[in-house]
$ cat data_39.cif   # mmCIF, C-alpha atoms, pLDDT in the B column; chains and numbers go by the auth columns
data_query
loop_
_atom_site.group_PDB
_atom_site.id
_atom_site.type_symbol
_atom_site.label_atom_id
_atom_site.label_comp_id
_atom_site.label_asym_id
_atom_site.label_seq_id
_atom_site.Cartn_x
_atom_site.Cartn_y
_atom_site.Cartn_z
_atom_site.B_iso_or_equiv
_atom_site.auth_seq_id
_atom_site.auth_asym_id
ATOM 1 C CA MET A 1 -60.618 105.992 52.011 70.00 87 A
ATOM 2 C CA ILE A 2 -63.861 104.312 50.895 81.00 88 A
ATOM 3 C CA LYS A 3 -63.452 105.951 47.487 90.00 89 A
ATOM 4 C CA ILE A 4 -60.091 104.254 46.923 94.00 90 A
ATOM 5 C CA VAL A 5 -61.458 100.879 48.023 96.00 91 A
ATOM 6 C CA ASN A 6 -64.403 101.221 45.642 95.00 92 A
ATOM 7 C CA GLN A 7 -62.124 102.250 42.788 97.00 93 A
ATOM 8 C CA ILE A 8 -59.953 99.186 43.331 97.00 94 A
ATOM 9 C CA ILE A 9 -62.977 96.899 43.368 97.00 95 A
ATOM 10 C CA GLU A 10 -64.397 98.449 40.187 97.00 96 A
ATOM 11 C CA GLU A 11 -61.094 98.049 38.338 97.00 97 A
ATOM 12 C CA LEU A 12 -60.859 94.417 39.422 97.00 98 A
ATOM 13 C CA LYS A 13 -64.360 93.782 38.089 95.00 99 A
ATOM 14 C CA ILE A 14 -63.368 95.284 34.730 95.00 100 A
ATOM 15 C CA LEU A 15 -60.135 93.268 34.527 94.00 101 A
ATOM 16 C CA GLY A 16 -61.740 89.958 35.492 94.00 102 A
ATOM 17 C CA SER A 17 -63.166 87.306 33.215 93.00 103 A
ATOM 18 C CA GLU A 18 -65.463 84.317 33.622 94.00 104 A
ATOM 19 C CA ARG A 19 -62.869 82.069 32.018 94.00 105 A
ATOM 20 C CA ASN A 20 -60.224 83.058 34.544 93.00 106 A
ATOM 21 C CA ILE A 21 -62.712 82.620 37.392 94.00 107 A
ATOM 22 C CA GLU A 22 -63.279 78.997 36.378 94.00 108 A
ATOM 23 C CA ILE A 23 -59.536 78.379 35.969 93.00 109 A
ATOM 24 C CA GLU A 24 -58.740 79.839 39.392 93.00 110 A
ATOM 25 C CA LYS A 25 -61.461 77.860 41.130 93.00 111 A
ATOM 26 C CA ARG A 26 -59.834 74.599 40.002 93.00 112 A
ATOM 27 C CA PHE A 27 -56.912 75.267 42.336 91.00 113 A
ATOM 28 C CA PHE A 28 -59.107 75.303 45.439 93.00 114 A
ATOM 29 C CA LYS A 29 -61.190 72.590 47.057 87.00 115 A
ATOM 30 C CA GLU A 30 -63.168 75.083 49.133 90.00 116 A
ATOM 31 C CA PRO A 31 -65.471 77.759 47.619 91.00 117 A
ATOM 32 C CA ILE A 32 -63.659 81.000 46.834 95.00 118 A
ATOM 33 C CA LYS A 33 -64.584 84.520 45.784 96.00 119 A
ATOM 34 C CA THR A 34 -62.547 85.740 42.832 97.00 120 A
ATOM 35 C CA HIS A 35 -62.829 88.270 40.037 97.00 121 A
ATOM 36 C CA GLY A 36 -60.718 86.096 37.758 96.00 122 A
ATOM 37 C CA VAL A 37 -57.904 88.642 37.554 97.00 123 A
ATOM 38 C CA LYS A 38 -54.426 87.251 36.985 94.00 124 A
ATOM 39 C CA SER A 39 -51.735 87.716 39.621 94.00 125 A
ATOM 40 C CA LYS A 40 -49.595 89.963 37.414 96.00 126 A
ATOM 41 C CA GLU A 41 -52.502 92.347 36.815 97.00 127 A
ATOM 42 C CA THR A 42 -53.469 92.339 40.498 97.00 128 A
ATOM 43 C CA LYS A 43 -49.924 93.253 41.493 97.00 129 A
ATOM 44 C CA ALA A 44 -49.844 96.050 38.933 97.00 130 A
ATOM 45 C CA LEU A 45 -53.082 97.427 40.367 97.00 131 A
ATOM 46 C CA ALA A 46 -51.668 97.267 43.894 98.00 132 A
ATOM 47 C CA LYS A 47 -48.592 99.191 42.782 97.00 133 A
ATOM 48 C CA LYS A 48 -50.738 101.814 41.093 96.00 134 A
ATOM 49 C CA TYR A 49 -52.896 102.473 44.139 97.00 135 A
ATOM 50 C CA PHE A 50 -50.065 102.284 46.624 97.00 136 A
ATOM 51 C CA SER A 51 -48.611 105.382 44.997 94.00 137 A
ATOM 52 C CA GLN A 52 -51.809 107.157 46.117 93.00 138 A
ATOM 53 C CA ILE A 53 -52.021 105.850 49.683 95.00 139 A
ATOM 54 C CA LYS A 54 -48.370 105.707 50.745 93.00 140 A
ATOM 55 C CA ILE A 55 -48.545 109.269 52.048 94.00 141 A
ATOM 56 C CA LEU A 56 -51.457 108.430 54.356 95.00 142 A
ATOM 57 C CA PRO A 57 -50.979 107.719 58.066 96.00 143 A
ATOM 58 C CA LEU A 58 -50.307 104.035 58.674 96.00 144 A
ATOM 59 C CA ALA A 59 -53.565 103.640 60.609 96.00 145 A
ATOM 60 C CA GLN A 60 -55.519 104.712 57.527 96.00 146 A
ATOM 61 C CA VAL A 61 -53.684 102.227 55.331 97.00 147 A
ATOM 62 C CA PHE A 62 -54.626 99.498 57.804 98.00 148 A
ATOM 63 C CA LEU A 63 -58.257 100.598 57.573 97.00 149 A
ATOM 64 C CA ILE A 64 -58.119 100.466 53.771 97.00 150 A
ATOM 65 C CA ALA A 65 -56.553 97.008 53.937 98.00 151 A
ATOM 66 C CA GLU A 66 -59.291 95.760 56.231 98.00 152 A
ATOM 67 C CA GLN A 67 -62.026 97.162 54.013 97.00 153 A
ATOM 68 C CA LEU A 68 -60.496 95.203 51.131 98.00 154 A
ATOM 69 C CA LEU A 69 -60.328 92.048 53.239 98.00 155 A
ATOM 70 C CA LYS A 70 -63.978 92.378 54.191 98.00 156 A
ATOM 71 C CA THR A 71 -65.006 91.739 50.575 97.00 157 A
ATOM 72 C CA GLY A 72 -63.774 88.148 50.876 98.00 158 A
ATOM 73 C CA TYR A 73 -62.240 88.208 47.390 98.00 159 A
ATOM 74 C CA ASN A 74 -58.785 86.800 46.722 97.00 160 A
ATOM 75 C CA GLN A 75 -57.645 89.780 44.659 98.00 161 A
ATOM 76 C CA GLU A 76 -58.682 92.356 47.244 98.00 162 A
ATOM 77 C CA ALA A 77 -56.840 90.360 49.905 98.00 163 A
ATOM 78 C CA SER A 78 -53.741 90.194 47.709 98.00 164 A
ATOM 79 C CA ILE A 79 -53.784 93.970 47.257 98.00 165 A
ATOM 80 C CA ALA A 80 -54.307 94.538 50.989 98.00 166 A
ATOM 81 C CA PHE A 81 -51.296 92.371 51.824 98.00 167 A
ATOM 82 C CA ASP A 82 -49.244 94.053 49.108 98.00 168 A
ATOM 83 C CA PHE A 83 -49.923 97.463 50.654 98.00 169 A
ATOM 84 C CA LEU A 84 -48.885 96.275 54.112 97.00 170 A
ATOM 85 C CA SER A 85 -45.776 94.482 52.854 97.00 171 A
ATOM 86 C CA ARG A 86 -44.581 97.723 51.301 97.00 172 A
ATOM 87 C CA LEU A 87 -44.868 99.350 54.727 97.00 173 A
ATOM 88 C CA GLU A 88 -43.351 96.521 56.753 97.00 174 A
ATOM 89 C CA LYS A 89 -40.619 98.740 58.192 97.00 175 A
ATOM 90 C CA LYS A 90 -43.338 100.571 60.096 97.00 176 A
ATOM 91 C CA TYR A 91 -44.733 97.543 61.923 98.00 177 A
ATOM 92 C CA VAL A 92 -44.904 97.873 65.693 98.00 178 A
ATOM 93 C CA VAL A 93 -45.742 95.463 68.499 98.00 179 A
ATOM 94 C CA LYS A 94 -49.416 96.429 68.687 97.00 180 A
ATOM 95 C CA HIS A 95 -49.984 95.194 65.138 98.00 181 A
ATOM 96 C CA PHE A 96 -49.852 91.574 66.279 98.00 182 A
ATOM 97 C CA VAL A 97 -53.378 91.838 67.682 98.00 183 A
ATOM 98 C CA VAL A 98 -54.616 93.176 64.345 98.00 184 A
ATOM 99 C CA PHE A 99 -52.848 90.527 62.282 98.00 185 A
ATOM 100 C CA GLU A 100 -54.066 87.713 64.522 98.00 186 A
ATOM 101 C CA ARG A 101 -57.640 88.993 64.282 98.00 187 A
ATOM 102 C CA TRP A 102 -57.420 89.205 60.499 98.00 188 A
ATOM 103 C CA LEU A 103 -56.035 85.691 60.305 98.00 189 A
ATOM 104 C CA LYS A 104 -58.950 84.310 62.284 98.00 190 A
ATOM 105 C CA LYS A 105 -61.638 86.426 60.623 98.00 191 A
ATOM 106 C CA TYR A 106 -60.737 86.946 56.964 98.00 192 A
ATOM 107 C CA ILE A 107 -58.468 84.129 55.795 98.00 193 A
ATOM 108 C CA THR A 108 -60.642 81.534 54.063 96.00 194 A
ATOM 109 C CA ASN A 109 -58.386 79.612 51.665 96.00 195 A
ATOM 110 C CA TRP A 110 -54.782 78.512 51.224 96.00 196 A
ATOM 111 C CA GLY A 111 -54.000 81.274 48.724 96.00 197 A
ATOM 112 C CA MET A 112 -54.916 84.039 51.149 97.00 198 A
ATOM 113 C CA ASN A 113 -53.284 82.116 53.963 97.00 199 A
ATOM 114 C CA ASP A 114 -49.928 81.732 52.288 96.00 200 A
ATOM 115 C CA ASP A 115 -49.833 85.274 50.945 97.00 201 A
ATOM 116 C CA PHE A 116 -50.529 86.694 54.405 98.00 202 A
ATOM 117 C CA SER A 117 -48.333 84.247 56.325 98.00 203 A
ATOM 118 C CA THR A 118 -45.192 84.342 54.218 96.00 204 A
ATOM 119 C CA HIS A 119 -45.169 88.102 53.783 96.00 205 A
ATOM 120 C CA VAL A 120 -46.993 90.201 56.381 98.00 206 A
ATOM 121 C CA LEU A 121 -46.950 87.759 59.302 98.00 207 A
ATOM 122 C CA GLY A 122 -43.602 86.336 58.301 98.00 208 A
ATOM 123 C CA TYR A 123 -41.797 89.653 58.420 98.00 209 A
ATOM 124 C CA PHE A 124 -43.571 90.703 61.604 98.00 210 A
ATOM 125 C CA LEU A 125 -42.405 87.571 63.452 98.00 211 A
ATOM 126 C CA PHE A 126 -38.902 87.959 62.069 98.00 212 A
ATOM 127 C CA ILE A 127 -38.551 91.323 63.816 98.00 213 A
ATOM 128 C CA PHE A 128 -40.724 90.557 66.862 98.00 214 A
ATOM 129 C CA PRO A 129 -39.800 87.033 68.023 98.00 215 A
ATOM 130 C CA GLN A 130 -41.466 87.612 71.400 98.00 216 A
ATOM 131 C CA PHE A 131 -44.722 86.545 69.724 98.00 217 A
ATOM 132 C CA LEU A 132 -43.482 83.076 68.768 98.00 218 A
ATOM 133 C CA PRO A 133 -45.042 81.444 71.879 98.00 219 A
ATOM 134 C CA LYS A 134 -48.422 82.836 70.796 98.00 220 A
ATOM 135 C CA VAL A 135 -47.892 81.453 67.303 98.00 221 A
ATOM 136 C CA LYS A 136 -47.199 78.031 68.784 98.00 222 A
ATOM 137 C CA VAL A 137 -50.617 78.200 70.430 98.00 223 A
ATOM 138 C CA TRP A 138 -52.103 78.628 66.948 98.00 224 A
ATOM 139 C CA ALA A 139 -51.083 75.044 66.206 98.00 225 A
ATOM 140 C CA LYS A 140 -53.911 73.889 68.499 97.00 226 A
ATOM 141 C CA SER A 141 -56.566 76.166 67.030 98.00 227 A
ATOM 142 C CA LYS A 142 -59.870 74.809 65.703 97.00 228 A
ATOM 143 C CA ASN A 143 -59.403 77.057 62.655 98.00 229 A
ATOM 144 C CA ARG A 144 -57.506 75.171 59.947 97.00 230 A
ATOM 145 C CA TRP A 145 -55.950 78.338 58.499 98.00 231 A
ATOM 146 C CA VAL A 146 -54.704 79.455 61.897 98.00 232 A
ATOM 147 C CA ARG A 147 -53.106 76.027 62.370 98.00 233 A
ATOM 148 C CA ARG A 148 -51.527 76.202 58.930 98.00 234 A
ATOM 149 C CA SER A 149 -50.170 79.672 59.668 98.00 235 A
ATOM 150 C CA SER A 150 -48.466 78.461 62.833 98.00 236 A
ATOM 151 C CA ALA A 151 -45.987 76.790 60.476 98.00 237 A
ATOM 152 C CA THR A 152 -46.111 78.843 57.271 98.00 238 A
ATOM 153 C CA SER A 153 -45.636 82.150 59.107 98.00 239 A
ATOM 154 C CA LEU A 154 -42.130 80.940 60.000 98.00 240 A
ATOM 155 C CA ILE A 155 -41.058 80.435 56.381 98.00 241 A
ATOM 156 C CA TYR A 156 -39.792 84.011 56.018 98.00 242 A
ATOM 157 C CA SER A 157 -37.497 83.487 58.998 98.00 243 A
ATOM 158 C CA LEU A 158 -36.492 79.932 58.084 98.00 244 A
ATOM 159 C CA ARG A 159 -35.142 81.234 54.786 97.00 245 A
ATOM 160 C CA ARG A 160 -32.936 83.494 56.895 97.00 246 A
ATOM 161 C CA LYS A 161 -31.742 80.724 59.249 97.00 247 A
ATOM 162 C CA LYS A 162 -34.034 81.595 62.148 98.00 248 A
ATOM 163 C CA TYR A 163 -36.676 79.778 64.227 98.00 249 A
ATOM 164 C CA PHE A 164 -35.905 76.222 63.163 98.00 250 A
ATOM 165 C CA LYS A 165 -36.339 74.868 66.694 97.00 251 A
ATOM 166 C CA GLU A 166 -39.662 76.663 66.919 98.00 252 A
ATOM 167 C CA LEU A 167 -40.770 75.008 63.689 98.00 253 A
ATOM 168 C CA LEU A 168 -39.933 71.555 65.015 98.00 254 A
ATOM 169 C CA GLY A 169 -42.000 72.194 68.141 98.00 255 A
ATOM 170 C CA ILE A 170 -44.964 73.369 66.076 98.00 256 A
ATOM 171 C CA SER A 171 -44.601 70.482 63.622 98.00 257 A
ATOM 172 C CA GLU A 172 -44.788 67.995 66.477 97.00 258 A
ATOM 173 C CA ILE A 173 -48.113 69.518 67.548 98.00 259 A
ATOM 174 C CA LEU A 174 -49.449 69.406 63.983 98.00 260 A
ATOM 175 C CA LEU A 175 -47.876 66.044 63.207 96.00 261 A
ATOM 176 C CA MET A 176 -50.859 63.712 63.220 91.00 262 A
ATOM 177 C CA GLY A 177 -53.602 66.128 62.217 94.00 263 A
ATOM 178 C CA ALA A 178 -55.909 64.869 59.478 95.00 264 A
ATOM 179 C CA ASP A 179 -56.363 68.185 57.662 97.00 265 A
ATOM 180 C CA LEU A 180 -54.587 67.990 54.301 97.00 266 A
ATOM 181 C CA MET A 181 -54.083 71.751 54.073 97.00 267 A
ATOM 182 C CA VAL A 182 -52.347 71.792 57.442 98.00 268 A
ATOM 183 C CA GLN A 183 -50.203 68.794 56.511 98.00 269 A
ATOM 184 C CA LYS A 184 -49.086 70.594 53.365 97.00 270 A
ATOM 185 C CA GLY A 185 -48.426 73.737 55.384 98.00 271 A
ATOM 186 C CA TYR A 186 -46.016 72.308 57.929 98.00 272 A
ATOM 187 C CA GLY A 187 -44.539 70.007 55.300 98.00 273 A
ATOM 188 C CA TRP A 188 -43.795 73.069 53.175 98.00 274 A
ATOM 189 C CA ALA A 189 -42.180 74.848 56.126 98.00 275 A
ATOM 190 C CA LEU A 190 -39.972 71.806 56.785 98.00 276 A
ATOM 191 C CA LYS A 191 -39.026 71.747 53.101 98.00 277 A
ATOM 192 C CA GLU A 192 -37.925 75.378 53.319 98.00 278 A
ATOM 193 C CA ALA A 193 -35.880 74.487 56.388 98.00 279 A
ATOM 194 C CA THR A 194 -33.968 71.808 54.462 97.00 280 A
ATOM 195 C CA LYS A 195 -32.112 74.566 52.608 97.00 281 A
ATOM 196 C CA HIS A 196 -30.173 75.300 55.804 97.00 282 A
ATOM 197 C CA TYR A 197 -30.907 72.271 58.009 97.00 283 A
ATOM 198 C CA PRO A 198 -31.135 69.198 55.753 96.00 284 A
ATOM 199 C CA LYS A 199 -29.725 66.724 58.274 96.00 285 A
ATOM 200 C CA GLU A 200 -31.909 68.016 61.074 97.00 286 A
ATOM 201 C CA VAL A 201 -35.076 67.835 58.964 97.00 287 A
ATOM 202 C CA LEU A 202 -34.187 64.315 57.885 97.00 288 A
ATOM 203 C CA ALA A 203 -33.667 63.350 61.529 97.00 289 A
ATOM 204 C CA PHE A 204 -37.095 64.768 62.386 97.00 290 A
ATOM 205 C CA VAL A 205 -38.728 62.853 59.552 97.00 291 A
ATOM 206 C CA MET A 206 -36.947 59.609 60.447 95.00 292 A
ATOM 207 C CA LYS A 207 -38.028 59.948 64.060 96.00 293 A
ATOM 208 C CA HIS A 208 -41.689 60.455 63.162 96.00 294 A
ATOM 209 C CA LYS A 209 -42.137 58.794 59.785 91.00 295 A
ATOM 210 C CA LYS A 210 -44.192 55.892 61.160 92.00 296 A
ATOM 211 C CA ILE A 211 -46.947 58.300 62.197 94.00 297 A
ATOM 212 C CA MET A 212 -46.270 61.279 59.921 95.00 298 A
ATOM 213 C CA PRO A 213 -48.869 61.610 57.139 95.00 299 A
ATOM 214 C CA ARG A 214 -47.353 60.791 53.745 94.00 300 A
ATOM 215 C CA THR A 215 -48.415 64.141 52.306 96.00 301 A
ATOM 216 C CA ALA A 216 -46.487 66.088 54.948 97.00 302 A
ATOM 217 C CA LEU A 217 -43.533 63.725 54.654 96.00 303 A
ATOM 218 C CA ARG A 218 -43.296 64.078 50.873 96.00 304 A
ATOM 219 C CA TYR A 219 -43.431 67.856 51.107 97.00 305 A
ATOM 220 C CA ALA A 220 -40.761 67.921 53.823 97.00 306 A
ATOM 221 C CA ILE A 221 -38.215 65.817 51.929 97.00 307 A
ATOM 222 C CA GLU A 222 -38.796 67.228 48.457 97.00 308 A
ATOM 223 C CA LYS A 223 -35.502 69.177 48.364 96.00 309 A
ATOM 224 C CA LEU A 224 -33.339 66.564 50.085 96.00 310 A
ATOM 225 C CA SER A 225 -30.794 64.493 48.184 94.00 311 A
ATOM 226 C CA PRO A 226 -32.008 61.367 46.365 94.00 312 A
ATOM 227 C CA ALA A 227 -30.270 59.182 48.961 92.00 313 A
ATOM 228 C CA GLN A 228 -31.899 61.060 51.845 94.00 314 A
ATOM 229 C CA LYS A 229 -35.329 60.872 50.210 93.00 315 A
ATOM 230 C CA LYS A 230 -34.948 57.151 49.621 91.00 316 A
ATOM 231 C CA LEU A 231 -34.056 56.654 53.282 91.00 317 A
ATOM 232 C CA ALA A 232 -37.023 58.708 54.449 92.00 318 A
ATOM 233 C CA MET A 233 -39.492 56.882 52.205 90.00 319 A
ATOM 234 C CA LYS A 234 -38.264 53.412 53.069 83.00 320 A
ATOM 235 C CA LYS A 235 -40.810 51.503 55.130 73.00 321 A
#
$ encode --input "data_39.cif" --output "structure tokens"
Amino acid sequence: MIKIVNQIIEELKILGSERNIEIEKRFFKEPIKTHGVKSKETKALAKKYFSQIKILPLAQVFLIAEQLLKTGYNQEASIAFDFLSRLEKKYVVKHFVVFERWLKKYITNWGMNDDFSTHVLGYFLFIFPQFLPKVKVWAKSKNRWVRRSSATSLIYSLRRKKYFKELLGISEILLMGADLMVQKGYGWALKEATKHYPKEVLAFVMKHKKIMPRTALRYAIEKLSPAQKKLAMKK
């Protein structure tokens, strides 16, 4: 297990470059750990190593994923989430505790957050909706990435016409928060919801637009019609 983790890390070090490290860092306001490996190459590496670990018991794959997360690097996190996404059909109820712990302990930037939330967490909540009340509690967390995930973890389901009411409830909790990353998170989730619920999202925005941060509002209405956007932006 440790051997595979070390092999992955060594290959990432070889593939990385200082130039790409500097380019990647420009996309984040907070400090990040990165090897400067492009997404396409990281995904190819994940595919390569998954062929070696897919025969292992699921518990061992989870251990490998956590060892990768412990490094704190974006690429290792991406590979960990890739492994788990490929095994999503094997998720069971007890995995919620693990995923929640990982969210609180290892997620340190929006890239990790969105990768984890829209894939691993997103699918888990789609098949186990009994955990939605716990996710709503995340909206009041002191951890900005946990708060962001309370909304972004619903995107997988929103794209499949589920959990819109839950999103509205969470968005109301997050509504006036000052954290820009959280504003973008629930704004993004509302934007995804407009694909199936454009009138309802517009109604939500119109109801709250006097107090809704402009960043969240602009994200939410991005995919609405020009007439709807004009109405939402009108003071």
$ residues_near_point --input "data_39.cif" --point "(-35.5, 75.9, 66.5)" --cutoff "12 Å" --atoms "only C-alpha atoms" --output "list in words"
Leu218, Leu240, Ser243, Leu244, Lys247, Lys248, Tyr249, Phe250, Lys251, Glu252, Leu253, Leu254, Gly255, Ile256, Ser257, Leu276, Ala279, His282, Tyr283, Glu286, Val287 and Phe290 of chain A
$ resolve_selection --input "data_39.cif" --expression "the PyMOL selection byres ((chain A and resi 300-316) around 6)" --output "list in words"
Gln269, Lys270, Gly273, Trp274, Leu276, Lys277, Pro299, Leu317, Ala318 and Met319 of chain A
$ write_last_selection --input "data_39.cif" --atoms "C-alpha atoms" --output "JSON list (two decimals), in the frame of the given file"
[["chain", "number", "residue", "atom", "x", "y", "z"],
["A", 269, "GLN", "CA", -50.20, 68.79, 56.51],
["A", 270, "LYS", "CA", -49.09, 70.59, 53.36],
["A", 273, "GLY", "CA", -44.54, 70.01, 55.30],
["A", 274, "TRP", "CA", -43.80, 73.07, 53.18],
["A", 276, "LEU", "CA", -39.97, 71.81, 56.78],
["A", 277, "LYS", "CA", -39.03, 71.75, 53.10],
["A", 299, "PRO", "CA", -48.87, 61.61, 57.14],
["A", 317, "LEU", "CA", -34.06, 56.65, 53.28],
["A", 318, "ALA", "CA", -37.02, 58.71, 54.45],
["A", 319, "MET", "CA", -39.49, 56.88, 52.20]]
$ resolve_selection --input "data_39.cif" --expression "the PyMOL selection byres ((chain A and resi 136) around 10)" --output "PyMOL selection string"
chain A and resi 130-135+137-142+147+165-166+168-170+172
$ closest_residue --input "data_39.cif" --among "A:Lys99, A:Lys115, A:Phe214, A:Val232" --to "Val178 in chain A" --atoms "only C-alpha atoms"
A:Phe214
$ resolve_selection --input "data_39.cif" --expression "the PyMOL selection byres ((chain A and resi 190) around 10)" --output "list in words"
Phe185, Glu186, Arg187, Trp188, Leu189, Lys191, Tyr192, Ile193, Thr194, Ser227, Asn229, Arg230, Trp231 and Val232 of chain A
$ closest_residue --input "data_39.cif" --among "A:Ser236, A:Thr120, A:Ser203, A:Thr280" --to "Glu162 in chain A" --atoms "all atoms listed in the file"
A:Thr120
$ residues_around --input "data_39.cif" --residues "Leu149 in chain A" --least-positions-apart "3" --cutoff "12 Å" --atoms "only C-alpha atoms" --output "MDAnalysis selection string"
chainID A and resid 87:88 90:91 139 142:146 152:156 166 169:170 184 188
$ atom_distance --input "data_39.cif" --atom1 "CA of Met262 in chain A" --atom2 "CA of Thr238 in chain A"
16.9 Å
$ closest_residue --input "data_39.cif" --among "A:Tyr159, A:Phe182, A:Tyr272, A:Phe212" --to "Arg233 in chain A" --atoms "all atoms listed in the file"
A:Tyr272
$ decode --input "data_39.cif" --residues "range 294-305 of chain A" --atoms "N, CA and C atoms" --output "PDB file, in the first residue's frame"
ATOM      1  N   HIS A 294     -34.360  37.796  -2.220  1.00  0.00           N
ATOM      2  CA  HIS A 294     -33.228  38.084  -1.339  1.00  0.00           C
ATOM      3  C   HIS A 294     -32.213  39.075  -1.917  1.00  0.00           C
ATOM      4  N   LYS A 295     -32.478  39.612  -3.095  1.00  0.00           N
ATOM      5  CA  LYS A 295     -31.416  40.354  -3.773  1.00  0.00           C
ATOM      6  C   LYS A 295     -30.953  41.612  -3.036  1.00  0.00           C
ATOM      7  N   LYS A 296     -31.770  42.142  -2.142  1.00  0.00           N
ATOM      8  CA  LYS A 296     -31.360  43.338  -1.400  1.00  0.00           C
ATOM      9  C   LYS A 296     -30.257  43.033  -0.384  1.00  0.00           C
ATOM     10  N   ILE A 297     -30.174  41.772   0.035  1.00  0.00           N
ATOM     11  CA  ILE A 297     -29.149  41.405   1.019  1.00  0.00           C
ATOM     12  C   ILE A 297     -28.161  40.379   0.469  1.00  0.00           C
ATOM     13  N   MET A 298     -28.458  39.820  -0.687  1.00  0.00           N
ATOM     14  CA  MET A 298     -27.601  38.786  -1.272  1.00  0.00           C
ATOM     15  C   MET A 298     -26.323  39.422  -1.824  1.00  0.00           C
ATOM     16  N   PRO A 299     -25.156  38.927  -1.450  1.00  0.00           N
ATOM     17  CA  PRO A 299     -23.912  39.476  -1.993  1.00  0.00           C
ATOM     18  C   PRO A 299     -23.903  39.428  -3.518  1.00  0.00           C
ATOM     19  N   ARG A 300     -23.353  40.447  -4.151  1.00  0.00           N
ATOM     20  CA  ARG A 300     -23.400  40.534  -5.614  1.00  0.00           C
ATOM     21  C   ARG A 300     -22.653  39.383  -6.281  1.00  0.00           C
ATOM     22  N   THR A 301     -21.603  38.898  -5.633  1.00  0.00           N
ATOM     23  CA  THR A 301     -20.865  37.770  -6.210  1.00  0.00           C
ATOM     24  C   THR A 301     -21.762  36.544  -6.319  1.00  0.00           C
ATOM     25  N   ALA A 302     -22.439  36.210  -5.238  1.00  0.00           N
ATOM     26  CA  ALA A 302     -23.342  35.047  -5.246  1.00  0.00           C
ATOM     27  C   ALA A 302     -24.471  35.258  -6.251  1.00  0.00           C
ATOM     28  N   LEU A 303     -25.006  36.466  -6.275  1.00  0.00           N
ATOM     29  CA  LEU A 303     -26.115  36.767  -7.182  1.00  0.00           C
ATOM     30  C   LEU A 303     -25.690  36.590  -8.638  1.00  0.00           C
ATOM     31  N   ARG A 304     -24.542  37.128  -8.995  1.00  0.00           N
ATOM     32  CA  ARG A 304     -24.074  37.025 -10.382  1.00  0.00           C
ATOM     33  C   ARG A 304     -23.833  35.575 -10.786  1.00  0.00           C
ATOM     34  N   TYR A 305     -23.275  34.793  -9.888  1.00  0.00           N
ATOM     35  CA  TYR A 305     -23.092  33.372 -10.181  1.00  0.00           C
ATOM     36  C   TYR A 305     -24.440  32.691 -10.399  1.00  0.00           C
TER      37      TYR A 305
END
